[in-house]
Every structure is written in structure tokens, then in C-alpha cells.
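File shown: start08.csv (CSV, C-alpha atoms).
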```csv
chain,number,residue,atom,x,y,z
A,1,MET,CA,-20.7,-47.0,-1.3
A,2,ILE,CA,-20.5,-43.7,0.4
A,3,ARG,CA,-22.4,-40.8,-1.2
A,4,ILE,CA,-21.4,-37.3,-0.4
A,5,PRO,CA,-23.5,-34.2,-1.1
A,6,LEU,CA,-22.8,-32.5,-4.4
A,7,TYR,CA,-21.9,-29.3,-2.6
A,8,LEU,CA,-19.2,-31.0,-0.5
A,9,ALA,CA,-17.6,-32.4,-3.6
A,10,ILE,CA,-17.6,-29.1,-5.4
A,11,ALA,CA,-16.4,-27.2,-2.3
A,12,GLN,CA,-13.5,-29.6,-1.9
A,13,TRP,CA,-12.4,-29.0,-5.5
A,14,ALA,CA,-12.8,-25.3,-5.1
A,15,LEU,CA,-10.6,-25.4,-2.0
A,16,LEU,CA,-8.0,-27.5,-3.7
A,17,ALA,CA,-8.0,-25.2,-6.8
A,18,CYS,CA,-7.7,-22.2,-4.5
A,19,LEU,CA,-4.7,-23.8,-2.6
A,20,ALA,CA,-3.0,-24.5,-5.9
A,21,LEU,CA,-3.6,-20.9,-7.1
A,22,LEU,CA,-2.4,-19.5,-3.8
A,23,LEU,CA,0.9,-21.4,-4.2
A,24,VAL,CA,1.4,-20.2,-7.7
A,25,VAL,CA,0.6,-16.6,-6.8
A,26,ALA,CA,2.8,-16.7,-3.7
A,27,TYR,CA,5.8,-18.0,-5.7
A,28,ARG,CA,5.1,-15.6,-8.5
A,29,GLN,CA,5.0,-12.6,-6.2
A,30,LEU,CA,8.1,-13.8,-4.3
A,31,GLY,CA,9.9,-14.1,-7.6
A,32,ARG,CA,8.8,-10.6,-8.5
A,33,VAL,CA,10.0,-9.2,-5.2
A,34,LEU,CA,13.4,-11.0,-5.5
A,35,GLY,CA,13.6,-10.1,-9.2
A,36,GLN,CA,13.2,-6.4,-8.4
A,37,SER,CA,16.2,-6.6,-6.1
A,38,ARG,CA,18.2,-7.9,-9.0
A,39,THR,CA,17.0,-5.5,-11.7
A,40,HIS,CA,17.0,-2.5,-9.3
A,41,PRO,CA,20.0,-3.2,-7.2
A,42,GLU,CA,20.3,0.4,-5.8
A,43,LEU,CA,18.0,2.5,-3.8
A,44,GLY,CA,19.2,6.0,-3.5
A,45,PRO,CA,22.5,7.5,-4.8
A,46,GLN,CA,25.9,6.2,-3.8
A,47,THR,CA,27.7,7.9,-1.1
A,48,GLY,CA,30.1,10.4,-2.6
A,49,ALA,CA,27.9,11.0,-5.7
A,50,ARG,CA,26.9,14.5,-6.8
A,51,PRO,CA,23.3,14.4,-8.0
A,52,GLY,CA,22.0,17.2,-10.0
A,53,ARG,CA,19.4,19.9,-9.4
A,54,ILE,CA,15.7,19.2,-9.2
A,55,GLY,CA,13.0,21.6,-10.5
A,56,TYR,CA,9.8,21.3,-8.5
A,57,GLU,CA,6.4,22.8,-7.9
A,58,ARG,CA,6.0,23.9,-4.3
A,59,LEU,CA,2.9,22.4,-2.8
A,60,SER,CA,3.3,23.3,0.8
A,61,PRO,CA,3.3,25.3,3.0
A,62,ALA,CA,2.3,28.1,0.6
A,63,GLY,CA,0.8,26.0,-2.2
A,64,GLY,CA,-1.8,23.3,-2.5
A,65,ALA,CA,-5.6,23.7,-2.6
A,66,GLU,CA,-7.1,26.8,-1.0
A,67,ALA,CA,-10.1,26.9,1.3
A,68,ASP,CA,-12.4,28.0,-1.6
A,69,GLY,CA,-11.3,25.1,-3.7
A,70,ARG,CA,-9.3,27.1,-6.2
A,71,ARG,CA,-5.7,26.3,-6.6
A,72,PRO,CA,-3.3,29.3,-6.4
A,73,ALA,CA,-0.8,29.9,-9.2
A,74,PRO,CA,2.0,27.2,-9.1
A,75,VAL,CA,5.2,28.3,-7.4
A,76,LEU,CA,8.1,26.8,-9.3
A,77,ARG,CA,11.4,26.4,-7.6
A,78,THR,CA,14.7,24.6,-8.2
A,79,PHE,CA,16.7,22.7,-5.6
A,80,VAL,CA,20.4,23.1,-6.3
A,81,PRO,CA,22.7,20.7,-4.3
A,82,GLY,CA,25.9,22.3,-3.0
A,83,ASP,CA,24.7,25.9,-2.8
A,84,GLY,CA,26.5,26.2,0.5
A,85,GLU,CA,23.8,24.7,2.7
A,86,PRO,CA,23.5,21.1,3.8
A,87,ALA,CA,20.3,19.5,2.7
A,88,LEU,CA,18.0,16.5,3.4
A,89,VAL,CA,16.0,15.5,0.4
A,90,ALA,CA,13.2,13.1,1.2
A,91,PHE,CA,11.2,11.2,-1.4
A,92,VAL,CA,7.8,10.5,0.2
A,93,ASP,CA,4.3,9.3,-0.5
A,94,PRO,CA,1.5,10.8,1.6
A,95,THR,CA,-0.4,7.5,1.8
A,96,CYS,CA,2.6,5.6,3.1
A,97,PRO,CA,2.5,5.3,7.0
A,98,SER,CA,6.3,5.2,7.2
A,99,CYS,CA,6.5,8.5,5.3
A,100,GLU,CA,4.1,10.0,7.8
A,101,GLY,CA,6.4,8.8,10.6
A,102,LEU,CA,9.3,10.5,8.8
A,103,VAL,CA,7.5,13.8,8.4
A,104,ALA,CA,6.5,13.7,12.1
A,105,VAL,CA,10.1,13.0,13.2
A,106,LEU,CA,11.4,15.8,10.9
A,107,ASP,CA,8.9,18.2,12.3
A,108,ARG,CA,9.9,17.5,15.8
A,109,ALA,CA,13.6,17.8,14.9
A,110,LYS,CA,12.8,21.2,13.3
A,111,GLN,CA,11.0,22.4,16.4
A,112,GLY,CA,13.8,21.2,18.5
A,113,GLY,CA,16.4,23.1,16.5
A,114,GLU,CA,18.2,20.0,15.2
A,115,LEU,CA,17.6,21.1,11.6
A,116,ASP,CA,18.9,24.7,12.0
A,117,GLY,CA,21.1,25.4,9.0
A,118,VAL,CA,19.8,22.4,7.1
A,119,ARG,CA,17.5,22.7,4.2
A,120,VAL,CA,14.8,20.0,4.2
A,121,LEU,CA,12.8,19.3,1.0
A,122,LEU,CA,10.1,16.6,0.8
A,123,LEU,CA,9.3,15.5,-2.7
A,124,THR,CA,6.3,13.5,-3.8
A,125,THR,CA,5.0,12.6,-7.2
A,126,ASP,CA,1.4,12.2,-5.9
A,127,PRO,CA,-1.3,14.7,-6.7
A,128,PRO,CA,-1.5,17.7,-4.4
A,129,ALA,CA,-4.9,16.5,-3.1
A,130,TYR,CA,-3.2,13.6,-1.5
A,131,LEU,CA,-1.5,15.9,1.0
A,132,GLN,CA,-4.9,16.5,2.6
A,133,ILE,CA,-5.3,12.8,3.3
A,134,SER,CA,-2.6,12.8,5.9
A,135,ALA,CA,-2.6,15.0,8.9
A,136,ALA,CA,1.2,14.8,9.1
A,137,PHE,CA,1.6,16.1,5.5
A,138,ARG,CA,-1.2,18.6,5.8
A,139,ASP,CA,0.1,20.3,8.9
A,140,THR,CA,3.8,20.1,8.4
A,141,ALA,CA,5.8,23.3,8.3
A,142,LEU,CA,8.4,21.6,6.0
A,143,GLU,CA,8.6,22.4,2.3
A,144,ILE,CA,6.9,19.9,0.1
A,145,GLY,CA,7.3,19.9,-3.7
A,146,ARG,CA,6.3,17.9,-6.7
A,147,PRO,CA,9.2,17.2,-9.2
A,148,LEU,CA,8.6,18.6,-12.6
A,149,ASP,CA,10.9,16.3,-14.6
A,150,ASP,CA,11.3,12.6,-13.8
A,151,ALA,CA,14.6,12.6,-15.7
A,152,GLU,CA,16.1,14.9,-13.0
A,153,LEU,CA,15.2,12.3,-10.3
A,154,ALA,CA,17.1,9.5,-12.0
A,155,ALA,CA,20.4,10.3,-10.2
A,156,TYR,CA,18.6,10.0,-6.8
A,157,LYS,CA,17.2,6.5,-7.6
A,158,PRO,CA,14.0,6.9,-5.6
A,159,SER,CA,12.7,3.4,-6.1
A,160,ALA,CA,11.1,3.2,-2.7
A,161,THR,CA,9.7,5.5,-0.1
A,162,PRO,CA,10.6,7.0,2.3
A,163,LEU,CA,14.0,7.6,0.8
A,164,VAL,CA,16.2,10.2,2.5
A,165,VAL,CA,19.3,11.6,0.8
A,166,ALA,CA,21.7,13.6,3.0
A,167,LEU,CA,23.8,16.1,1.0
A,168,ASP,CA,26.6,18.2,2.5
A,169,ALA,CA,27.2,21.8,1.9
A,170,ALA,CA,29.2,20.9,-1.3
A,171,GLY,CA,26.3,18.9,-2.7
A,172,VAL,CA,28.0,15.5,-2.1
A,173,VAL,CA,25.9,12.6,-0.9
A,174,ARG,CA,27.0,11.7,2.6
A,175,ALA,CA,24.2,9.1,3.2
A,176,ALA,CA,21.1,7.8,1.5
A,177,GLY,CA,18.5,5.2,2.4
A,178,THR,CA,15.1,4.5,3.9
A,179,ALA,CA,14.6,6.4,7.1
A,180,ALA,CA,11.5,6.9,9.3
A,181,ARG,CA,12.5,6.3,12.9
A,182,GLN,CA,14.1,9.0,15.0
A,183,GLY,CA,17.5,7.3,15.2
A,184,GLU,CA,17.6,6.9,11.4
A,185,VAL,CA,16.7,10.5,10.8
A,186,ARG,CA,19.2,11.8,13.3
A,187,ALA,CA,21.9,9.8,11.6
A,188,MET,CA,20.9,11.4,8.3
A,189,ILE,CA,21.0,14.9,9.9
A,190,SER,CA,24.5,14.2,11.3
A,191,ALA,CA,25.6,12.9,7.9
A,192,CYS,CA,24.6,16.0,6.0
A,193,LEU,CA,26.3,18.2,8.6
A,194,LEU,CA,29.7,16.5,8.0
A,195,PRO,CA,32.3,18.8,6.6
A,196,PRO,CA,32.9,18.5,2.8
A,197,PRO,CA,35.7,15.9,2.2
A,198,ALA,CA,38.1,18.5,0.9
A,199,GLN,CA,38.1,20.2,4.3
A,200,LEU,CA,39.4,17.0,5.9
A,201,LEU,CA,42.6,17.0,3.8
A,202,PRO,CA,45.7,18.5,5.5
A,203,VAL,CA,46.7,21.9,4.3
A,204,ILE,CA,50.2,21.7,2.8
B,205,MET,CA,-27.4,-25.9,-13.2
B,206,SER,CA,-27.0,-26.8,-9.5
B,207,ALA,CA,-23.3,-27.6,-10.1
B,208,ALA,CA,-22.8,-24.1,-11.6
B,209,ILE,CA,-24.6,-22.4,-8.8
B,210,LEU,CA,-22.7,-24.4,-6.1
B,211,GLY,CA,-19.4,-23.9,-8.0
B,212,ALA,CA,-19.9,-20.2,-8.0
B,213,LYS,CA,-20.9,-20.2,-4.4
B,214,ALA,CA,-17.9,-22.2,-3.3
B,215,ALA,CA,-15.4,-20.3,-5.4
B,216,LEU,CA,-16.6,-17.0,-4.0
B,217,ALA,CA,-16.5,-18.3,-0.5
B,218,VAL,CA,-12.8,-19.4,-0.8
B,219,MET,CA,-11.9,-16.2,-2.5
B,220,LEU,CA,-13.4,-14.2,0.4
B,221,VAL,CA,-11.4,-16.3,2.9
B,222,VAL,CA,-8.2,-15.7,1.0
B,223,ALA,CA,-8.8,-12.0,0.5
B,224,GLY,CA,-9.8,-11.5,4.1
B,225,ALA,CA,-6.8,-13.3,5.5
B,226,ALA,CA,-4.3,-11.6,3.1
B,227,LYS,CA,-5.7,-8.2,4.0
B,228,LEU,CA,-5.3,-9.0,7.7
B,229,ALA,CA,-1.7,-10.0,7.1
B,230,ASP,CA,-0.9,-6.5,5.7
B,231,MET,CA,-3.2,-4.3,7.7
B,232,ASN,CA,-1.2,-1.1,7.4
B,233,GLY,CA,-1.0,-1.4,3.6
B,234,PHE,CA,-4.7,-2.1,3.2
B,235,ALA,CA,-5.5,0.8,5.7
B,236,ALA,CA,-3.5,3.1,3.4
B,237,THR,CA,-5.9,2.2,0.6
B,238,VAL,CA,-9.0,2.5,2.8
B,239,ARG,CA,-7.9,6.0,3.8
B,240,LEU,CA,-8.1,7.1,0.1
B,241,PHE,CA,-11.9,6.4,0.3
B,242,LEU,CA,-12.6,8.0,3.7
B,243,PRO,CA,-14.7,11.1,3.2
B,244,PRO,CA,-13.2,14.3,4.8
B,245,GLY,CA,-15.7,14.4,7.7
B,246,VAL,CA,-15.4,10.8,8.9
B,247,ALA,CA,-12.8,11.6,11.5
B,248,ALA,CA,-10.6,14.4,12.7
B,249,GLN,CA,-7.4,14.6,10.7
B,250,ARG,CA,-5.3,13.2,13.5
B,251,TRP,CA,-7.6,10.2,13.9
B,252,ARG,CA,-8.0,9.4,10.2
B,253,LEU,CA,-5.2,6.8,10.2
B,254,GLN,CA,-6.7,5.0,13.2
B,255,ALA,CA,-10.2,5.2,11.6
B,256,ALA,CA,-8.8,3.8,8.4
B,257,VAL,CA,-7.1,0.9,10.3
B,258,ALA,CA,-10.4,0.2,12.1
B,259,VAL,CA,-12.4,0.2,8.9
B,260,ALA,CA,-9.7,-2.0,7.2
B,261,ALA,CA,-9.8,-4.5,10.1
B,262,VAL,CA,-13.6,-4.7,9.9
B,263,VAL,CA,-13.6,-5.2,6.1
B,264,ALA,CA,-10.9,-7.9,6.3
B,265,ALA,CA,-12.5,-9.7,9.2
B,266,GLY,CA,-15.9,-9.4,7.6
B,267,GLU,CA,-14.7,-11.0,4.4
B,268,LEU,CA,-13.0,-13.8,6.3
B,269,LEU,CA,-16.1,-14.5,8.4
B,270,LEU,CA,-18.5,-14.2,5.5
B,271,GLY,CA,-16.4,-16.5,3.3
B,272,GLY,CA,-16.1,-19.1,6.1
B,273,ALA,CA,-19.8,-18.9,6.9
B,274,SER,CA,-20.8,-19.1,3.2
B,275,LEU,CA,-18.5,-22.1,2.7
B,276,THR,CA,-19.7,-24.1,5.7
B,277,THR,CA,-23.4,-23.3,5.7
B,278,PRO,CA,-24.6,-23.4,2.1
B,279,ALA,CA,-28.2,-23.8,3.1
B,280,VAL,CA,-28.4,-20.4,4.7
B,281,ALA,CA,-29.9,-18.3,1.8
B,282,TRP,CA,-29.3,-14.8,3.2
B,283,LEU,CA,-25.6,-15.4,3.1
B,284,ASN,CA,-25.8,-15.6,-0.7
B,285,LEU,CA,-27.4,-12.1,-0.7
B,286,ALA,CA,-24.7,-10.9,1.7
B,287,VAL,CA,-22.0,-12.1,-0.6
B,288,LEU,CA,-23.8,-10.5,-3.6
B,289,ALA,CA,-23.9,-7.2,-1.6
B,290,VAL,CA,-20.2,-7.4,-0.9
B,291,ALA,CA,-19.4,-8.3,-4.5
B,292,SER,CA,-21.5,-5.3,-5.7
B,293,SER,CA,-19.5,-3.1,-3.3
B,294,PHE,CA,-16.4,-4.3,-5.0
B,295,VAL,CA,-17.7,-3.0,-8.3
B,296,VAL,CA,-18.5,0.4,-6.7
B,297,VAL,CA,-15.1,0.6,-5.1
B,298,SER,CA,-13.3,-0.4,-8.3
B,299,GLY,CA,-15.3,2.3,-10.2
B,300,VAL,CA,-14.6,5.0,-7.6
B,301,GLY,CA,-10.9,3.9,-7.4
B,302,TYR,CA,-10.6,4.0,-11.2
B,303,ALA,CA,-12.2,7.5,-11.3
B,304,PHE,CA,-10.2,9.1,-8.4
B,305,HIS,CA,-7.2,7.0,-7.7
B,306,ARG,CA,-6.2,5.4,-11.0
B,307,GLY,CA,-3.0,3.4,-10.9
B,308,ARG,CA,-2.9,3.1,-7.1
B,309,SER,CA,-2.6,-0.3,-5.6
B,310,CYS,CA,-6.0,-1.7,-4.4
B,311,ARG,CA,-4.4,-4.2,-2.1
B,312,CYS,CA,-7.5,-6.4,-2.7
B,313,PHE,CA,-5.4,-9.4,-1.7
B,314,GLY,CA,-2.9,-7.7,0.5
B,315,ALA,CA,0.6,-8.4,-0.5
B,316,LEU,CA,-0.5,-11.4,-2.7
B,317,SER,CA,-1.5,-9.0,-5.5
B,318,GLN,CA,-0.1,-5.9,-7.1
B,319,ARG,CA,-3.4,-5.1,-8.9
B,320,THR,CA,-4.2,-1.4,-9.3
B,321,PHE,CA,-7.4,0.5,-9.9
B,322,ASP,CA,-7.8,0.1,-13.6
B,323,LEU,CA,-10.3,-1.0,-16.2
B,324,LEU,CA,-9.3,-4.7,-15.8
B,325,GLY,CA,-10.0,-4.3,-12.1
B,326,ILE,CA,-13.5,-3.1,-12.8
B,327,GLY,CA,-13.9,-6.1,-15.2
B,328,ARG,CA,-12.8,-8.5,-12.5
B,329,ALA,CA,-15.2,-6.9,-10.0
B,330,VAL,CA,-18.1,-7.3,-12.4
B,331,VAL,CA,-17.2,-10.9,-13.0
B,332,ILE,CA,-17.2,-11.5,-9.3
B,333,ALA,CA,-20.5,-9.8,-8.9
B,334,GLY,CA,-21.9,-11.9,-11.7
B,335,LEU,CA,-20.7,-15.1,-10.0
B,336,ALA,CA,-22.3,-13.8,-6.8
B,337,ALA,CA,-25.6,-13.3,-8.6
B,338,LEU,CA,-25.3,-16.7,-10.1
B,339,ALA,CA,-25.0,-18.2,-6.6
B,340,VAL,CA,-28.2,-16.6,-5.3
B,341,PRO,CA,-30.9,-18.9,-6.8
B,342,ALA,CA,-32.1,-21.8,-4.5
B,343,VAL,CA,-30.9,-25.3,-5.2
B,344,PRO,CA,-32.4,-28.6,-4.2
B,345,GLY,CA,-31.9,-29.3,-0.5
B,346,SER,CA,-30.4,-32.7,-1.1
B,347,VAL,CA,-27.3,-31.3,-2.8
B,348,ILE,CA,-26.4,-29.0,0.0
B,349,LYS,CA,-27.5,-31.1,3.0
B,350,LEU,CA,-24.4,-31.4,5.1
B,351,THR,CA,-23.8,-33.3,8.3
B,352,LEU,CA,-22.1,-31.6,11.2
B,353,ALA,CA,-19.0,-33.6,10.3
B,354,ASP,CA,-19.1,-32.3,6.8
B,355,GLN,CA,-19.4,-28.7,8.0
B,356,GLY,CA,-16.5,-29.3,10.5
B,357,LEU,CA,-14.4,-30.6,7.6
B,358,LEU,CA,-15.1,-27.6,5.5
B,359,LEU,CA,-14.5,-25.2,8.4
B,360,ALA,CA,-11.2,-26.9,9.1
B,361,ALA,CA,-10.2,-26.6,5.4
B,362,ALA,CA,-11.3,-22.9,5.4
B,363,VAL,CA,-9.1,-22.3,8.5
B,364,VAL,CA,-6.1,-24.0,6.9
B,365,LEU,CA,-6.6,-22.0,3.7
B,366,GLY,CA,-7.0,-18.7,5.6
B,367,CYS,CA,-3.8,-19.5,7.6
B,368,LEU,CA,-1.9,-20.3,4.5
B,369,ALA,CA,-3.1,-17.1,2.8
B,370,PHE,CA,-2.2,-15.1,5.9
B,371,THR,CA,1.3,-16.6,6.1
B,372,ALA,CA,2.0,-16.2,2.4
B,373,ALA,CA,0.8,-12.6,2.4
B,374,ARG,CA,2.7,-11.8,5.6
B,375,CYS,CA,5.9,-13.3,4.2
B,376,LEU,CA,5.6,-11.4,1.0
B,377,ALA,CA,4.9,-8.1,2.8
B,378,ILE,CA,7.9,-8.6,5.2
B,379,THR,CA,10.2,-9.7,2.3
B,380,SER,CA,9.3,-6.6,0.3
B,381,GLN,CA,10.0,-4.3,3.2
B,382,ALA,CA,13.2,-6.2,4.1
B,383,MET,CA,14.4,-5.9,0.5
B,384,ALA,CA,13.8,-2.2,0.5
B,385,ARG,CA,15.8,-1.8,3.7
B,386,ARG,CA,18.6,-4.1,2.6
B,387,LEU,CA,19.0,-2.3,-0.7
B,388,SER,CA,19.3,1.0,1.1
```

Now that the file is in, can you turn its structure into C-alpha cells?
Amino acid sequence: MIRIPLYLAIAQWALLACLALLLVVAYRQLGRVLGQSRTHPELGPQTGARPGRIGYERLSPAGGAEADGRRPAPVLRTFVPGDGEPALVAFVDPTCPSCEGLVAVLDRAKQGGELDGVRVLLLTTDPPAYLQISAAFRDTALEIGRPLDDAELAAYKPSATPLVVALDAAGVVRAAGTAARQGEVRAMISACLLPPPAQLLPVI
Amino acid sequence: MSAAILGAKAALAVMLVVAGAAKLADMNGFAATVRLFLPPGVAAQRWRLQAAVAVAAVVAAGELLLGGASLTTPAVAWLNLAVLAVASSFVVVSGVGYAFHRGRSCRCFGALSQRTFDLLGIGRAVVIAGLAALAVPAVPGSVIKLTLADQGLLLAAAVVLGCLAFTAARCLAITSQAMARRLS
């Protein structure tokens, strides 16, 4: 009869139990991921939609924590789609690497003049202190705000970050989706600069 | 009593292997969590992401190696203390995470878990630290005396387990990202 050390027997059972647990966890997580796609079938508003205004507290460049640690008085603003200016609204998270990539690409586009005449607003629901975690968010010249009312965001369906919504001058969504790379961002900029649909109709 | 001690030791070892492999599979995600804990002076702002990735890689690889070593060489007593130190650090990280980053994902098992910094997380970390403390006392040499073949077998099993955890976590991370892109 072969005798094996007690530890070997226990370790084998631990390994087996862990394998079984791993299988269960992996299937459960996969089901959750796939399930989310069914329960949240949309990310971002549909093209052609007219989402509403968003009230926000401006965090940057003029807000956020000051050098002496005190926070200045909050600057409250409202973003109104369709006020005659094309806009890119980006829903971001300062701790998400793709969002940092998006901010860097937008910064370069702004410096290169590609965003002339386009309003860019970055919105995050994270605490203001998180802007200091990321160099891209801390140093950007773009406007960053924190939405004041979650209900106003519902029309934008920001269920993942980075979500970019391109709105034309009339406040109509011309494109929406995740974007972080230069090509994706350029496509969004082009989309928001499209003329409003009404201007495309022939004048009778 | 020996069975309880050895059970705790083996369970912690396999947990570390799975946690380390899963973190390696989603390094960017785990680095994002690590960055929350980097003090302001650790690196210049522009290098913070790289510093976080480096720390994340060291933590993940360290867990993987420590788990593998603890599983295959149960007679090495100092490994039990190392596991106890790591488990204690989990309690500290859970507490700090709960205090300053409540509700954020801890990515303790990469994409395999969606646990966040909450009270339950602190409880889990305390249980893990308790198991690590349970595994520290010495046991009779006869019950942990392994031949080279036994150790090879356990090492092979740990490698297979690590590869499976890595594959599962990687697949989940990629699937989540693909879903977000497809939905857009």
C-alpha cells in the first residue's frame, strides 16, 4: 500500500477545490458580463437624439483643490446642447487608462487647432481629488466638471468610460461611443462639425 | 490539528497563485487600483502610471511566486511568516481602501472578481490573515516530508492552476472590453 504525506493529500484537495471554484467564478463572471449586455443594451445616446442640459460643478481648470489645501467656492455651470456651438461631451474616469489616453489626444487636438469652434466638456462622477492622481487630468487645459444631478445624465447613457458624445450646433447627437485613440477622436470631432440635418434639405 | 494547519497553508497558497495570475492577466486594471495608493511623492506625475504598473507587476508576481513556493515547499517555515505578512498587508490595504476609496473596485483577483473596498472586504481580509496565522505553527516533519517527485507534482499543479486563472481572467477582461466597444 502506498502512503502519501498528509500535506500532499490536503494540498491535492485544496488544488481540486480551487479549480472547481475557479470554474464556477469564471462562468458566473462571464454570465454577468454577457447579462449586462442584455440588460444595458445601449451605451451612449442614439444618433439623432436630442439629450438635455447638464448642470455641473466645474473642477478644472479653475476649480479643484488649491495649493494650501482649501477648496475654492464651487463654480456651477450648465451645459446646454444646441446653443449654436458643436460640442464633444466625454464621460471619463481619472483612474481609467483609456480615459487618460482620450484626454491626451483631446489636448493635442486642441493645441493643433482641430477643436477650434468646438466646445469640449469632460464629465466625471469621481471625487475632485482623483484628478490629482492622473497627470493627464491634472495638467489638461480642457474643462472638467462633475455632474450635479444623475437624472440629467440618463439621456446620455454613460454606462462605460470613456464615452464620447458628439453633438452638432443644433444639439443633435451625430455620433456616440467609446473613443480613446486618435482616429476615433478625430471621427468624433468630424461628426460634431457636420451641418445640422435641416441644412441638408433642399430649399424650395 | 495538523490537518487544519496544513489545510490553511494549502488553501492560502492556492489562493495566492490564483490571485497573482489573475492580476497579471489584467495588469492595467490592477495598476489603476495601485495608483490610488501611491503617495504623491513616489514619482513625478508623468511617471506615476509607469510606477503603478511596476508596483502592480511586482505585487502580482510576488503573490504568484510566494503561493507556488509555499505550496511546493511546506517545510520552509519562513514562508509561512511571509504569507502572514502578505495577508496582514491585505487587511491594511482593505482598511485604507475602505477609508479613502470606498466603493472602488479592488481588483484583488483581477477580472475574476468585482469586489470593492467595503466592510465585507475588510472581513474577508481578516479571515485570510487569520488563516495565515493558523498556518504558522510547526507541524510534525513526517506529515510535510515530500519527495522531489511530490514537489514536482505540486509545482506542475500550481503552474496549471496559475495558467487557468490567467486564461480565465484574461478572457473575462477582454470580453468586458469587447462588450463595451460592441455596444458603442

(Q) Env of range 102-108 of chain A: 9 Å cut, atoms = all atoms listed in the file, seq-sep filter 3 positions within chain, self excluded. Answer as JSON, numbers by chain. (A) {"A": [90, 92, 97, 98, 99, 111, 112, 113, 114, 115, 120, 122, 136, 137, 140, 141, 142, 162, 179, 180, 181, 182, 185]}

Q) Contacts of Cys375 in chain B at 10 Å or less, counting all atoms listed in the file, minus same-chain residues fewer than 3 places along, as a PyMOL selection string? A) (chain A and resi 26+30) or (chain B and resi 229-230+315-316+369-372+378-381)

Q: Kindly provide, as JSON, numbers by chain, the residues of chain A having any atom no farther than 6 Å from an atom of chain B, counting only C-alpha atoms.
A: {"A": [5, 6, 7, 11, 14, 42, 43, 95, 135, 177]}

Q: Could you give me, as a PyMOL selection string, the residues that have an atom at most 10 Å away from the point (21.5, 13.2, -5.9) in the coordinates of the file, using only C-alpha atoms?
A: chain A and resi 44-54+80-81+89+152-158+165-167+171-173+176

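If you look at CA of Leu270 in chain B and CA of Ala336 in chain B, they are 12.9 Å away from each other.
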
Q | Residue contacts of Arg58 in chain A (9 Å, only C-alpha atoms) excluding same-chain residues fewer than 2 positions away, as a list of chain:residue names | A | A:Tyr56, A:Ser60, A:Pro61, A:Ala62, A:Gly63, A:Gly64, A:Pro74, A:Val75, A:Leu76, A:Arg77, A:Glu143, A:Ile144, A:Gly145, A:Arg146, A:Pro147

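In this model, the gap between CA of Ala342 in chain B and CA of Glu267 in chain B comes to 22.3 Å.
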